Structure formats: structure tokens, C-alpha cells
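*Asks:* This is query.tsv (TSV, C-alpha atoms and all ligand atoms).
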chain	number	residue	atom	x	y	z
A	64	MET	CA	-19.26	-0.63	19.89
A	65	LYS	CA	-16.39	1.84	20.42
A	66	ILE	CA	-15.49	4.19	17.58
A	67	ASN	CA	-11.93	2.81	17.33
A	68	ASP	CA	-13.40	-0.65	16.69
A	69	ILE	CA	-15.87	0.65	14.11
A	70	ALA	CA	-13.04	2.46	12.29
A	71	LYS	CA	-10.94	-0.74	12.28
A	72	SER	CA	-13.88	-2.81	11.02
A	73	LEU	CA	-14.57	-0.35	8.19
A	74	VAL	CA	-11.11	-1.06	6.80
A	75	SER	CA	-10.90	-4.74	7.75
A	76	LYS	CA	-9.05	-7.08	5.42
A	77	GLY	CA	-10.60	-7.47	2.00
A	78	LYS	CA	-13.41	-5.02	2.68
A	79	GLY	CA	-14.16	-1.47	1.65
A	80	ILE	CA	-16.92	1.12	1.65
A	81	LEU	CA	-19.67	1.77	-0.88
A	82	ALA	CA	-20.27	5.51	-1.33
A	83	ALA	CA	-23.96	5.67	-2.19
A	84	ASP	CA	-24.47	9.13	-0.73
A	85	GLU	CA	-25.15	11.04	-3.95
A	86	SER	CA	-27.34	14.01	-3.15
A	87	THR	CA	-30.59	14.12	-5.11
A	88	GLY	CA	-29.03	16.52	-7.63
A	89	THR	CA	-26.06	14.23	-8.33
A	90	MET	CA	-28.22	11.09	-8.39
A	91	THR	CA	-30.55	12.78	-10.86
A	92	LYS	CA	-27.57	13.49	-13.14
A	93	ARG	CA	-26.42	9.87	-12.88
A	94	LEU	CA	-29.90	8.46	-13.61
A	95	ASN	CA	-30.67	10.90	-16.40
A	96	ALA	CA	-27.35	10.01	-18.06
A	97	VAL	CA	-28.72	6.48	-18.58
A	98	ASN	CA	-32.26	7.71	-19.41
A	99	VAL	CA	-33.87	6.66	-16.15
A	100	GLU	CA	-36.28	9.01	-14.41
A	101	SER	CA	-35.00	10.26	-11.06
A	102	ASN	CA	-37.76	9.81	-8.51
A	103	GLU	CA	-37.78	8.54	-4.94
A	104	LYS	CA	-38.92	5.06	-5.95
A	105	ASN	CA	-36.25	4.60	-8.63
A	106	ARG	CA	-33.48	5.90	-6.39
A	107	LEU	CA	-34.54	3.42	-3.70
A	108	THR	CA	-34.97	0.49	-6.12
A	109	PHE	CA	-31.45	0.86	-7.52
A	110	ARG	CA	-29.81	1.37	-4.15
A	111	HIS	CA	-31.77	-1.44	-2.51
A	112	ALA	CA	-30.66	-3.76	-5.35
A	113	LEU	CA	-27.01	-3.01	-4.52
A	114	PHE	CA	-27.51	-3.23	-0.76
A	115	THR	CA	-29.05	-6.72	-1.01
A	116	SER	CA	-26.76	-8.31	-3.60
A	117	LYS	CA	-25.80	-11.91	-2.89
A	118	ASP	CA	-22.19	-11.30	-1.89
A	119	ILE	CA	-22.22	-7.71	-0.63
A	120	ASN	CA	-21.26	-8.63	2.92
A	121	LYS	CA	-18.13	-10.46	1.74
A	122	TYR	CA	-16.66	-7.27	0.26
A	123	ILE	CA	-18.41	-4.22	1.73
A	124	SER	CA	-17.96	-3.15	5.37
A	125	GLY	CA	-20.01	0.04	5.32
A	126	ILE	CA	-22.29	2.08	3.09
A	127	ILE	CA	-22.48	5.87	3.07
A	128	LEU	CA	-26.12	6.91	2.73
A	129	PHE	CA	-27.80	10.17	1.79
A	130	ASP	CA	-30.40	11.73	4.09
A	131	GLU	CA	-33.25	10.53	1.84
A	132	THR	CA	-32.04	6.91	1.90
A	133	ILE	CA	-31.49	6.57	5.64
A	134	ARG	CA	-35.18	7.44	6.11
A	135	GLN	CA	-36.47	4.99	3.47
A	136	LYS	CA	-38.00	1.55	4.04
A	137	LYS	CA	-38.38	-1.48	1.82
A	138	ASN	CA	-40.93	-4.15	2.77
A	139	GLU	CA	-41.42	-2.51	6.18
A	140	GLU	CA	-37.68	-2.65	6.99
A	141	THR	CA	-35.53	0.46	7.28
A	142	ILE	CA	-32.36	0.61	5.20
A	143	CYS	CA	-30.31	0.52	8.41
A	144	GLU	CA	-32.07	-2.67	9.53
A	145	ILE	CA	-31.38	-4.23	6.13
A	146	LEU	CA	-27.67	-3.37	6.41
A	147	ASN	CA	-27.34	-4.37	10.08
A	148	LYS	CA	-28.70	-7.85	9.30
A	149	GLN	CA	-25.76	-8.28	6.93
A	150	ASN	CA	-23.16	-6.85	9.33
A	151	ILE	CA	-22.68	-3.78	7.16
A	152	PHE	CA	-22.28	-0.45	8.98
A	153	PRO	CA	-24.70	2.27	7.87
A	154	GLY	CA	-23.02	5.65	7.42
A	155	ILE	CA	-24.40	9.08	6.57
A	156	LYS	CA	-23.17	12.02	4.51
A	157	VAL	CA	-23.63	15.05	6.74
A	158	ASP	CA	-22.10	17.89	4.76
A	159	LYS	CA	-24.44	20.20	2.88
A	160	GLY	CA	-22.23	20.49	-0.15
A	161	ALA	CA	-19.40	22.65	-1.49
A	162	LYS	CA	-20.58	26.29	-1.66
A	163	LYS	CA	-18.89	29.45	-2.93
A	164	LEU	CA	-16.03	30.58	-0.70
A	165	ALA	CA	-16.56	34.32	-0.25
A	166	GLY	CA	-14.08	36.45	-2.15
A	167	SER	CA	-12.79	33.59	-4.31
A	168	LYS	CA	-13.61	31.20	-7.14
A	169	GLU	CA	-13.16	28.25	-4.81
A	170	THR	CA	-15.51	26.35	-2.53
A	171	ILE	CA	-16.01	25.78	1.17
A	172	THR	CA	-18.03	22.81	2.35
A	173	GLU	CA	-20.93	23.88	4.54
A	174	GLY	CA	-23.16	22.08	7.05
A	175	LEU	CA	-21.78	22.80	10.53
A	176	ASP	CA	-24.78	24.77	11.77
A	177	GLY	CA	-27.09	22.41	13.64
A	178	LEU	CA	-24.77	19.45	13.01
A	179	ARG	CA	-24.76	18.32	16.66
A	180	GLU	CA	-28.56	17.97	16.62
A	181	ARG	CA	-28.52	16.22	13.23
A	182	MET	CA	-25.90	13.75	14.48
A	183	GLU	CA	-28.13	12.85	17.38
A	184	GLU	CA	-30.97	12.13	14.97
A	185	TYR	CA	-28.76	10.09	12.61
A	186	PHE	CA	-27.41	8.11	15.56
A	187	ASN	CA	-30.97	7.25	16.56
A	188	LEU	CA	-31.76	6.27	12.97
A	189	GLY	CA	-28.85	3.79	13.13
A	190	ALA	CA	-25.82	5.52	11.57
A	191	LYS	CA	-22.44	4.36	12.89
A	192	PHE	CA	-20.20	6.64	10.87
A	193	ALA	CA	-20.38	9.89	8.90
A	194	LYS	CA	-18.79	11.58	5.92
A	195	TRP	CA	-17.84	15.15	4.98
A	196	ARG	CA	-16.20	16.03	1.66
A	197	ALA	CA	-14.03	19.09	1.05
A	198	VAL	CA	-13.14	19.95	-2.55
A	199	TYR	CA	-9.95	21.54	-3.92
A	200	LYS	CA	-9.37	22.42	-7.53
A	201	ILE	CA	-5.88	22.67	-9.02
A	202	GLY	CA	-5.27	25.70	-11.26
A	203	ASP	CA	-3.04	28.76	-11.57
A	204	GLU	CA	-2.37	29.74	-7.95
A	205	LEU	CA	-5.09	27.29	-6.85
A	206	PRO	CA	-5.98	25.99	-4.39
A	207	SER	CA	-5.39	29.10	-2.29
A	208	GLN	CA	-4.12	28.85	1.27
A	209	ASN	CA	-7.44	30.36	2.33
A	210	CYS	CA	-9.35	27.48	0.73
A	211	ILE	CA	-7.02	24.85	2.22
A	212	VAL	CA	-7.19	26.28	5.75
A	213	ALA	CA	-10.94	27.03	5.73
A	214	ASN	CA	-11.85	23.54	4.53
A	215	ALA	CA	-9.41	21.83	6.91
A	216	HIS	CA	-10.90	23.79	9.80
A	217	ALA	CA	-14.42	22.75	8.80
A	218	LEU	CA	-13.35	19.10	8.48
A	219	ALA	CA	-11.89	19.25	11.98
A	220	ARG	CA	-15.01	20.85	13.49
A	221	TYR	CA	-17.15	18.21	11.76
A	222	ALA	CA	-14.91	15.35	12.97
A	223	ALA	CA	-15.08	16.62	16.57
A	224	ILE	CA	-18.89	16.75	16.56
A	225	VAL	CA	-19.12	13.28	14.99
A	226	GLN	CA	-16.77	11.72	17.57
A	227	GLU	CA	-18.67	13.47	20.36
A	228	ALA	CA	-21.78	11.65	19.04
A	229	ASN	CA	-19.90	8.31	19.21
A	230	MET	CA	-19.58	7.87	15.48
A	231	VAL	CA	-16.57	7.58	13.18
A	232	PRO	CA	-15.88	10.58	10.94
A	233	ILE	CA	-14.71	9.83	7.43
A	234	VAL	CA	-12.55	12.79	6.54
A	235	GLU	CA	-12.62	13.38	2.79
A	236	PRO	CA	-10.37	16.08	1.37
A	237	GLU	CA	-10.69	15.63	-2.40
A	238	VAL	CA	-8.17	17.26	-4.72
A	239	LEU	CA	-10.00	17.04	-8.03
A	240	MET	CA	-8.35	15.42	-11.02
A	241	ASP	CA	-9.82	18.08	-13.39
A	242	GLY	CA	-7.14	20.13	-15.15
A	243	ASP	CA	-3.99	19.83	-17.26
A	244	HIS	CA	-1.51	19.67	-14.35
A	245	ASN	CA	0.99	16.84	-14.03
A	246	ILE	CA	1.18	14.19	-11.33
A	247	HIS	CA	3.87	16.08	-9.36
A	248	LYS	CA	1.62	19.10	-9.03
A	249	CYS	CA	-1.13	16.80	-7.73
A	250	TYR	CA	1.38	15.37	-5.23
A	251	ASP	CA	2.38	18.84	-3.96
A	252	VAL	CA	-1.18	20.09	-3.62
A	253	THR	CA	-2.43	16.90	-1.95
A	254	SER	CA	0.53	17.02	0.48
A	255	ASN	CA	-0.34	20.60	1.48
A	256	VAL	CA	-4.01	19.72	1.85
A	257	LEU	CA	-3.31	16.61	3.98
A	258	GLU	CA	-0.76	18.42	6.13
A	259	GLU	CA	-3.19	21.23	6.97
A	260	THR	CA	-6.08	18.79	7.48
A	261	VAL	CA	-4.06	16.73	9.98
A	262	ASN	CA	-2.90	19.95	11.66
A	263	GLN	CA	-6.49	21.14	12.16
A	264	LEU	CA	-7.65	17.70	13.33
A	265	GLN	CA	-4.85	17.77	15.91
A	266	ILE	CA	-5.79	21.26	17.11
A	267	ALA	CA	-9.41	20.08	17.49
A	268	GLY	CA	-8.24	17.16	19.67
A	269	ILE	CA	-9.47	14.43	17.35
A	270	ASN	CA	-8.88	10.80	18.33
A	271	PHE	CA	-7.00	9.63	15.23
A	272	SER	CA	-7.67	5.95	16.03
A	273	GLY	CA	-11.35	6.64	15.43
A	274	VAL	CA	-11.01	8.26	12.00
A	275	VAL	CA	-10.92	6.94	8.43
A	276	LEU	CA	-9.24	9.15	5.81
A	277	LYS	CA	-10.80	9.27	2.34
A	278	PRO	CA	-8.33	10.99	0.03
A	279	ASN	CA	-7.74	11.11	-3.71
A	280	MET	CA	-4.97	9.11	-5.32
A	281	ILE	CA	-2.07	11.06	-6.84
A	282	LEU	CA	-2.83	11.33	-10.58
A	283	ASN	CA	-2.08	13.38	-13.68
A	284	GLY	CA	-4.76	15.96	-14.46
A	285	SER	CA	-7.59	14.45	-16.52
A	286	SER	CA	-6.99	16.88	-19.43
A	287	SER	CA	-3.16	16.68	-19.33
A	288	GLY	CA	-3.15	14.02	-22.03
A	289	VAL	CA	-0.76	11.96	-19.90
A	290	LYS	CA	-1.72	8.37	-19.14
A	291	ASN	CA	-1.32	7.37	-15.51
A	292	GLU	CA	1.19	4.62	-14.83
A	293	SER	CA	0.01	2.54	-11.89
A	294	LYS	CA	3.49	2.08	-10.43
A	295	GLN	CA	4.07	5.83	-10.31
A	296	VAL	CA	0.56	6.51	-8.99
A	297	ALA	CA	1.16	3.98	-6.20
A	298	GLU	CA	4.64	5.27	-5.36
A	299	LEU	CA	3.57	8.91	-5.06
A	300	THR	CA	0.26	8.13	-3.34
A	301	LEU	CA	1.98	6.02	-0.69
A	302	LYS	CA	4.70	8.64	-0.15
A	303	CYS	CA	2.17	11.45	0.16
A	304	ILE	CA	0.01	9.64	2.68
A	305	GLN	CA	2.81	8.14	4.74
A	306	ASN	CA	4.50	11.55	5.05
A	307	ASN	CA	1.37	13.25	6.29
A	308	LEU	CA	-0.82	10.83	8.19
A	309	PRO	CA	-0.33	9.99	11.89
A	310	PRO	CA	0.23	6.23	12.36
A	311	GLU	CA	-2.77	5.99	14.72
A	312	VAL	CA	-5.19	6.36	11.79
A	313	PRO	CA	-6.29	2.76	11.15
A	314	GLY	CA	-6.99	3.08	7.49
A	315	VAL	CA	-7.30	4.96	4.28
A	316	ALA	CA	-10.27	4.41	1.95
A	317	PHE	CA	-9.74	6.12	-1.40
A	318	LEU	CA	-12.36	7.88	-3.47
A	319	SER	CA	-12.35	7.02	-7.17
A	320	GLY	CA	-12.76	10.63	-8.32
A	321	GLY	CA	-13.75	9.95	-11.95
A	322	GLN	CA	-11.26	7.16	-12.69
A	323	SER	CA	-12.76	4.31	-14.70
A	324	GLU	CA	-13.77	1.22	-12.76
A	325	PHE	CA	-10.76	-0.62	-14.20
A	326	GLU	CA	-8.21	2.12	-13.34
A	327	ALA	CA	-9.57	2.54	-9.81
A	328	THR	CA	-9.12	-1.19	-9.19
A	329	LYS	CA	-5.72	-1.39	-10.88
A	330	ASN	CA	-4.30	1.58	-8.97
A	331	LEU	CA	-5.61	0.35	-5.61
A	332	ASN	CA	-4.11	-3.05	-6.29
A	333	GLN	CA	-0.71	-1.55	-7.09
A	334	ILE	CA	-0.82	0.63	-3.97
A	335	ASN	CA	-1.31	-2.51	-1.89
A	336	LYS	CA	1.41	-4.40	-3.72
A	337	GLN	CA	3.89	-1.60	-2.98
A	338	ASN	CA	2.69	-0.83	0.56
A	339	LYS	CA	5.33	-1.56	3.19
A	340	SER	CA	3.70	0.51	5.93
A	341	SER	CA	1.20	-0.53	8.60
A	342	PHE	CA	-1.57	1.60	7.05
A	343	ILE	CA	-4.47	-0.24	5.46
A	344	PHE	CA	-5.46	0.99	2.00
A	345	THR	CA	-8.91	0.19	0.71
A	346	PHE	CA	-11.74	1.75	-1.30
A	347	SER	CA	-14.68	4.04	-0.62
A	348	TYR	CA	-15.82	4.26	-4.19
A	349	GLY	CA	-19.00	5.73	-5.61
A	350	ARG	CA	-18.79	5.75	-9.39
A	351	ALA	CA	-16.12	3.04	-9.62
A	352	LEU	CA	-18.44	0.58	-7.85
A	353	GLN	CA	-21.75	1.62	-9.35
A	354	GLN	CA	-21.21	2.62	-12.98
A	355	SER	CA	-21.60	-0.76	-14.67
A	356	ALA	CA	-24.42	-1.78	-12.36
A	357	LEU	CA	-26.32	1.40	-13.20
A	358	LYS	CA	-25.84	0.95	-16.95
A	359	THR	CA	-27.04	-2.65	-16.61
A	360	TRP	CA	-30.13	-1.60	-14.66
A	361	ALA	CA	-31.01	1.05	-17.24
A	362	LYS	CA	-31.32	-1.69	-19.88
A	363	ASP	CA	-34.05	-3.51	-17.93
A	364	LEU	CA	-35.44	-1.98	-14.75
A	365	ASN	CA	-36.96	-5.34	-13.75
A	366	ASP	CA	-33.77	-7.37	-13.99
A	367	ILE	CA	-32.43	-6.81	-10.48
A	368	GLU	CA	-30.51	-10.09	-10.42
A	369	THR	CA	-28.17	-9.12	-13.25
A	370	VAL	CA	-27.56	-5.71	-11.65
A	371	GLN	CA	-26.58	-7.47	-8.44
A	372	THR	CA	-24.25	-9.88	-10.23
A	373	VAL	CA	-22.48	-6.97	-11.94
A	374	PHE	CA	-22.16	-5.10	-8.65
A	375	ASP	CA	-20.82	-8.17	-6.82
A	376	GLU	CA	-18.21	-8.63	-9.52
A	377	ARG	CA	-16.92	-5.03	-9.16
A	378	SER	CA	-16.93	-5.30	-5.37
A	379	LYS	CA	-14.99	-8.55	-5.57
A	380	MET	CA	-12.34	-7.01	-7.86
A	381	ASN	CA	-11.87	-4.10	-5.45
A	382	SER	CA	-11.77	-6.45	-2.48
A	383	LEU	CA	-8.95	-8.36	-4.19
A	384	ALA	CA	-7.22	-5.04	-5.00
A	385	SER	CA	-7.45	-4.00	-1.35
A	386	LYS	CA	-5.22	-7.01	-0.60
A	387	GLY	CA	-2.97	-6.56	-3.64
A	388	ASP	CA	-4.34	-9.85	-4.98
A	389	TRP	CA	-6.18	-8.61	-8.08
A	390	ILE	CA	-5.01	-10.10	-11.35
A	391	GLU	CA	-5.67	-8.05	-14.45
A	392	ASP	CA	-7.50	-10.58	-16.59
A	393	LEU	CA	-9.61	-12.17	-13.87
B	1	LIG	C1	-21.28	9.34	-4.13
B	1	LIG	O1	-21.04	10.72	-4.36
B	1	LIG	C2	-20.74	11.48	-3.18
B	1	LIG	C3	-21.66	12.63	-3.03
B	1	LIG	O2	-21.57	13.58	-4.01
B	1	LIG	P1	-22.54	14.89	-3.99
B	1	LIG	O3	-22.57	15.41	-2.60
B	1	LIG	O4	-21.85	15.80	-4.94
B	1	LIG	O5	-23.88	14.45	-4.47
B	1	LIG	C4	-19.23	11.85	-3.17
B	1	LIG	O6	-18.87	12.63	-2.08
B	1	LIG	C5	-18.49	10.56	-3.11
B	1	LIG	O7	-18.73	9.94	-1.86
B	1	LIG	C6	-17.00	10.72	-3.28
B	1	LIG	O8	-16.67	11.74	-4.19
B	1	LIG	C7	-16.45	9.41	-3.79
B	1	LIG	O9	-17.13	9.05	-4.96
B	1	LIG	P2	-16.29	8.68	-6.25
B	1	LIG	O10	-17.33	8.53	-7.33
B	1	LIG	O11	-15.35	9.83	-6.49
B	1	LIG	O12	-15.59	7.39	-5.88
Taking this structure as input, can you express it in the form of C-alpha cells?
*Replies:*
Amino acid sequence: MKINDIAKSLVSKGKGILAADESTGTMTKRLNAVNVESNEKNRLTFRHALFTSKDINKYISGIILFDETIRQKKNEETICEILNKQNIFPGIKVDKGAKKLAGSKETITEGLDGLRERMEEYFNLGAKFAKWRAVYKIGDELPSQNCIVANAHALARYAAIVQEANMVPIVEPEVLMDGDHNIHKCYDVTSNVLEETVNQLQIAGINFSGVVLKPNMILNGSSSGVKNESKQVAELTLKCIQNNLPPEVPGVAFLSGGQSEFEATKNLNQINKQNKSSFIFTFSYGRALQQSALKTWAKDLNDIETVQTVFDERSKMNSLASKGDWIEDL
């Protein structure tokens, strides 16, 4: 399958992406928060429960995996085989995390060394798309131009290697919601970040039809004390993306970034209600798809069925939101 077709399928109507690519450190934090031991078996059991829920293939087009997961098997089947059977694209997180940017308090995402060889291996393991996340924090004088340019350059080099390996790069520049800034500051910073990211992707000769963008929504800082109004979030998010993204990009799959499950669904729904452009807006949520399912599992590690029902319900709500069809009290 050509990468342009994979990219289109990842954002096809009513479907979105499950981000299940928590590194072991992050997954350990998530499991420990609900008093579950983080070991290889538990990480696989929870993820396998989600990946085999009754309705997953109605709502989920692709799943981003972590290196550990793409190598795991359940009942003799690899995770990629399990996903392929359900017409869900397996994806792989290939960055090695946000590390200290020399000479600053900010971060640069690393992982380019040896990436070409790793992509070849992931392709052979069954991955059809990849993900790389760059992180920008808003603060006094932050993010710096150095941080914006360095991360955009790395995203572009990553995207070029992924396309060379016949896979779709998900480009994830995440402006964090941490801080007391207002929504307009988030708009300005995200605009600068997207502009530079697109600029670097262009310089690297990226085929924009074979890319999915995974940005943050435009929100008030989480410690600003200001409640987000969905209509304003949607208006500014749409404006920011439409002003910066080339029309060839088939779709945008938002990260949830620490929003509650409810807010992430509500805001996505409003974005789609207000969208007049040809861009497709869907979800690539981690926490906003998994939180309730994880809390449910922690109550009874043997009750996989209830976990799956809870996960299907969240996926369904976000599927409806990706069409602007979600109704608040459903
Ligand atoms: C699922 O978490 C991803 C990996 O995080 P670490 O590398 O820090 O372990 C993360 O990149 C995720 O894909 C995005 O942030 C979207 O997840 P949220 O929870 O923000 O929707």
C-alpha cells in the first residue's frame, strides 16, 4: 500500500488513532498511579485488552506501539498480526525521548542516529507508520527560537527517513498546556512552531500527502485558572492549523495533552462542527482514550470484558466527535 493511501486511511471518516506508545517509564507511572505493578506481563495484558475490544475496528484506524509491544506475542500471535486481522494499522514510536537541549532549559527530541536501520527492522516487524514527538514549553521568553528550529529540523529529518522506508510519519509538535499563559499566547506559540515545522519539512522535500500532523489544540494554560470554552478553542485551533498547514496534508490527529476524556471529546466535536475546510480533524489520543479503561482494570485485573466495554465507549464518543456528531449527554 502506498504511503498516501495509508495516511488517508489513518484519518478516514469516523476513525482515529490510539496512542499506546508510552515508554516503559511513562507506563510505569500510569500503572503505579492506579496501584498496579508495572511488569512486561501487565503492560501486555492491559494493551492486549484494548487492542482486542469488541468494537475497536469500528473506531480505531491505527495504534502507535512502543518498541517493547511491537515485539510481544499473545497466544503465539504477534501484536502486528492481531492488529492486521482487524484492519488496524500498526505504528511505532521511534523517537528516543525529549532530552536536554544544550545551553538551555528546554528539550530536543533525540533518536536520529541509526534511525534508518531501525526503520528497516520495524518495517519487517509490520509497522506501517511511525511517530516522533517534539515538546515545547511556554514560559517567559520560551520556547526559544533555538528550541523551535532544532526540533523542527529533527522532525523533518525523521519524516524523510520514515518516508524513505515507505511508512507514514506522524509529525507531533506538542506545545504543552502547562503554565499560566492565556489561550492567545498558546495560539501565537503554536503558530510559530507549526510554521517552522512546515518550513523544515518543505526544505527536507517531504511528501505532504503522506504525512499526518499530530498537534495540540489551542488552550489556556492549565494553571491559568481560566476555563476553556469549546467554541473559542475550536475557532483558534482551526485558524492556527489552516493558516500553517499545506492543503496536501490529508489529516490532523490531535493529541489530548492532559485534557480530561470529556474535554478532549467535546473540543474535537466542536472543531468538527466549525470546520469549513477540507482538512480532516480526528484524534490520536493516549490518556483521553485509556484513562477510564485503566482505572477500571485496576479494580479487577481479571475483568477484561468490562475494561473493553469502557474503552469501546470512549472510542465511540471520539469517533462521533471526529464527525461533529457527538451529543453531550449520550
Ligand atoms: C502515549 O504517550 C506517548 C509517549 O509518551 P512518552 O514517550 O513520554 O512515554 C505520547 O507521545 C503520546 O503519544 C502523545 O503525547 C499523545 O498522548 P496524550 O495522552 O497527550 O493524548
*Asks:* Could I get the residue neighbourhood of ligand LIG 1 (chain B) at 9 Å, counting all atoms listed in the file, as a compact mmCIF listing (two decimals) with C-alpha atoms, in the coordinates of the input?
*Replies:*
# COMPACT_ATOMS: atom_id res chain seq x y z
CA LEU A 81 -19.67 1.77 -0.88
CA ALA A 82 -20.27 5.51 -1.33
CA ALA A 83 -23.96 5.67 -2.19
CA ASP A 84 -24.47 9.13 -0.73
CA GLU A 85 -25.15 11.04 -3.95
CA SER A 86 -27.34 14.01 -3.15
CA THR A 87 -30.59 14.12 -5.11
CA GLY A 88 -29.03 16.52 -7.63
CA THR A 89 -26.06 14.23 -8.33
CA MET A 90 -28.22 11.09 -8.39
CA ILE A 127 -22.48 5.87 3.07
CA LEU A 128 -26.12 6.91 2.73
CA PHE A 129 -27.80 10.17 1.79
CA LYS A 156 -23.17 12.02 4.51
CA ASP A 158 -22.10 17.89 4.76
CA LYS A 159 -24.44 20.20 2.88
CA GLY A 160 -22.23 20.49 -0.15
CA ALA A 161 -19.40 22.65 -1.49
CA LYS A 194 -18.79 11.58 5.92
CA TRP A 195 -17.84 15.15 4.98
CA ARG A 196 -16.20 16.03 1.66
CA ALA A 197 -14.03 19.09 1.05
CA GLU A 235 -12.62 13.38 2.79
CA GLU A 237 -10.69 15.63 -2.40
CA LYS A 277 -10.80 9.27 2.34
CA ASN A 279 -7.74 11.11 -3.71
CA PHE A 317 -9.74 6.12 -1.40
CA LEU A 318 -12.36 7.88 -3.47
CA SER A 319 -12.35 7.02 -7.17
CA GLY A 320 -12.76 10.63 -8.32
CA GLY A 321 -13.75 9.95 -11.95
CA GLN A 322 -11.26 7.16 -12.69
CA ALA A 327 -9.57 2.54 -9.81
CA PHE A 346 -11.74 1.75 -1.30
CA SER A 347 -14.68 4.04 -0.62
CA TYR A 348 -15.82 4.26 -4.19
CA GLY A 349 -19.00 5.73 -5.61
CA ARG A 350 -18.79 5.75 -9.39
CA ALA A 351 -16.12 3.04 -9.62
CA LEU A 352 -18.44 0.58 -7.85
CA GLN A 353 -21.75 1.62 -9.35
*Asks:* Applying 8 Å and only C-alpha atoms, which residues near region 67-80 of chain A remain after dropping the ones on its own chain fewer than 6 positions away? List them as a PyMOL selection string.
*Replies:* chain A and resi 121-127+152+191+231+272-275+313-316+343-348+381-383+385-386
*Asks:* Can you tell me, as a PyMOL selection string, what residues are no more than 12 Å from Ile133 (chain A) when counting all atoms listed in the file, ignoring any on the same chain fewer than 5 positions away?
*Replies:* chain A and resi 83-84+107+110-111+126-128+140-146+153-157+184-191
*Asks:* With 6 Å of padding per side, what axis-aligned box (centre and edge lengths, Å, one decimal) covers all the listed atoms of region 208-217 of chain A? Give it as lines of an AutoDock Vina configuration file.
*Replies:*
center_x = -9.3
center_y = 26.1
center_z = 5.3
size_x = 22.3
size_y = 20.5
size_z = 21.1
*Asks:* Between CA of Leu175 (chain A) and CA of Ile201 (chain A), measure the distance and give it in Å to one decimal.
*Replies:*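 Straight-line distance from CA of Leu175 (chain A) to CA of Ile201 (chain A) works out to 25.2 Å.
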*Asks:* Any idea what the distance is between CA of Ser254 (chain A) and CA of Leu164 (chain A)?
*Replies:*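 Taking CA of Ser254 (chain A) as the start and CA of Leu164 (chain A) as the end point, the length is 21.4 Å.
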*Asks:* Quick one: pull the distance between CA of Ser287 (chain A) and CA of Tyr250 (chain A), Å, one decimal.
*Replies:*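 Here the two named atoms are 14.9 Å from each other.
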*Asks:* Region 216-219 of chain A: which residues within 10 Å, counting only C-alpha atoms, same-chain residues fewer than 4 positions away excluded, as an MDAnalysis selection string?
*Replies:* chainID A and resid 158 171:175 194:197 210:212 223:225 232:236 259:269
*Asks:* Please, could you write that set of residues out with C-alpha atoms as a PDB file, in the frame of the given file?
*Replies:*
ATOM      1  CA  ASP A 158     -22.100  17.890   4.760  1.00  0.00           C
ATOM      2  CA  ILE A 171     -16.010  25.780   1.170  1.00  0.00           C
ATOM      3  CA  THR A 172     -18.030  22.810   2.350  1.00  0.00           C
ATOM      4  CA  GLU A 173     -20.930  23.880   4.540  1.00  0.00           C
ATOM      5  CA  GLY A 174     -23.160  22.080   7.050  1.00  0.00           C
ATOM      6  CA  LEU A 175     -21.780  22.800  10.530  1.00  0.00           C
ATOM      7  CA  LYS A 194     -18.790  11.580   5.920  1.00  0.00           C
ATOM      8  CA  TRP A 195     -17.840  15.150   4.980  1.00  0.00           C
ATOM      9  CA  ARG A 196     -16.200  16.030   1.660  1.00  0.00           C
ATOM     10  CA  ALA A 197     -14.030  19.090   1.050  1.00  0.00           C
ATOM     11  CA  CYS A 210      -9.350  27.480   0.730  1.00  0.00           C
ATOM     12  CA  ILE A 211      -7.020  24.850   2.220  1.00  0.00           C
ATOM     13  CA  VAL A 212      -7.190  26.280   5.750  1.00  0.00           C
ATOM     14  CA  ALA A 223     -15.080  16.620  16.570  1.00  0.00           C
ATOM     15  CA  ILE A 224     -18.890  16.750  16.560  1.00  0.00           C
ATOM     16  CA  VAL A 225     -19.120  13.280  14.990  1.00  0.00           C
ATOM     17  CA  PRO A 232     -15.880  10.580  10.940  1.00  0.00           C
ATOM     18  CA  ILE A 233     -14.710   9.830   7.430  1.00  0.00           C
ATOM     19  CA  VAL A 234     -12.550  12.790   6.540  1.00  0.00           C
ATOM     20  CA  GLU A 235     -12.620  13.380   2.790  1.00  0.00           C
ATOM     21  CA  PRO A 236     -10.370  16.080   1.370  1.00  0.00           C
ATOM     22  CA  GLU A 259      -3.190  21.230   6.970  1.00  0.00           C
ATOM     23  CA  THR A 260      -6.080  18.790   7.480  1.00  0.00           C
ATOM     24  CA  VAL A 261      -4.060  16.730   9.980  1.00  0.00           C
ATOM     25  CA  ASN A 262      -2.900  19.950  11.660  1.00  0.00           C
ATOM     26  CA  GLN A 263      -6.490  21.140  12.160  1.00  0.00           C
ATOM     27  CA  LEU A 264      -7.650  17.700  13.330  1.00  0.00           C
ATOM     28  CA  GLN A 265      -4.850  17.770  15.910  1.00  0.00           C
ATOM     29  CA  ILE A 266      -5.790  21.260  17.110  1.00  0.00           C
ATOM     30  CA  ALA A 267      -9.410  20.080  17.490  1.00  0.00           C
ATOM     31  CA  GLY A 268      -8.240  17.160  19.670  1.00  0.00           C
ATOM     32  CA  ILE A 269      -9.470  14.430  17.350  1.00  0.00           C
TER      33      ILE A 269
END
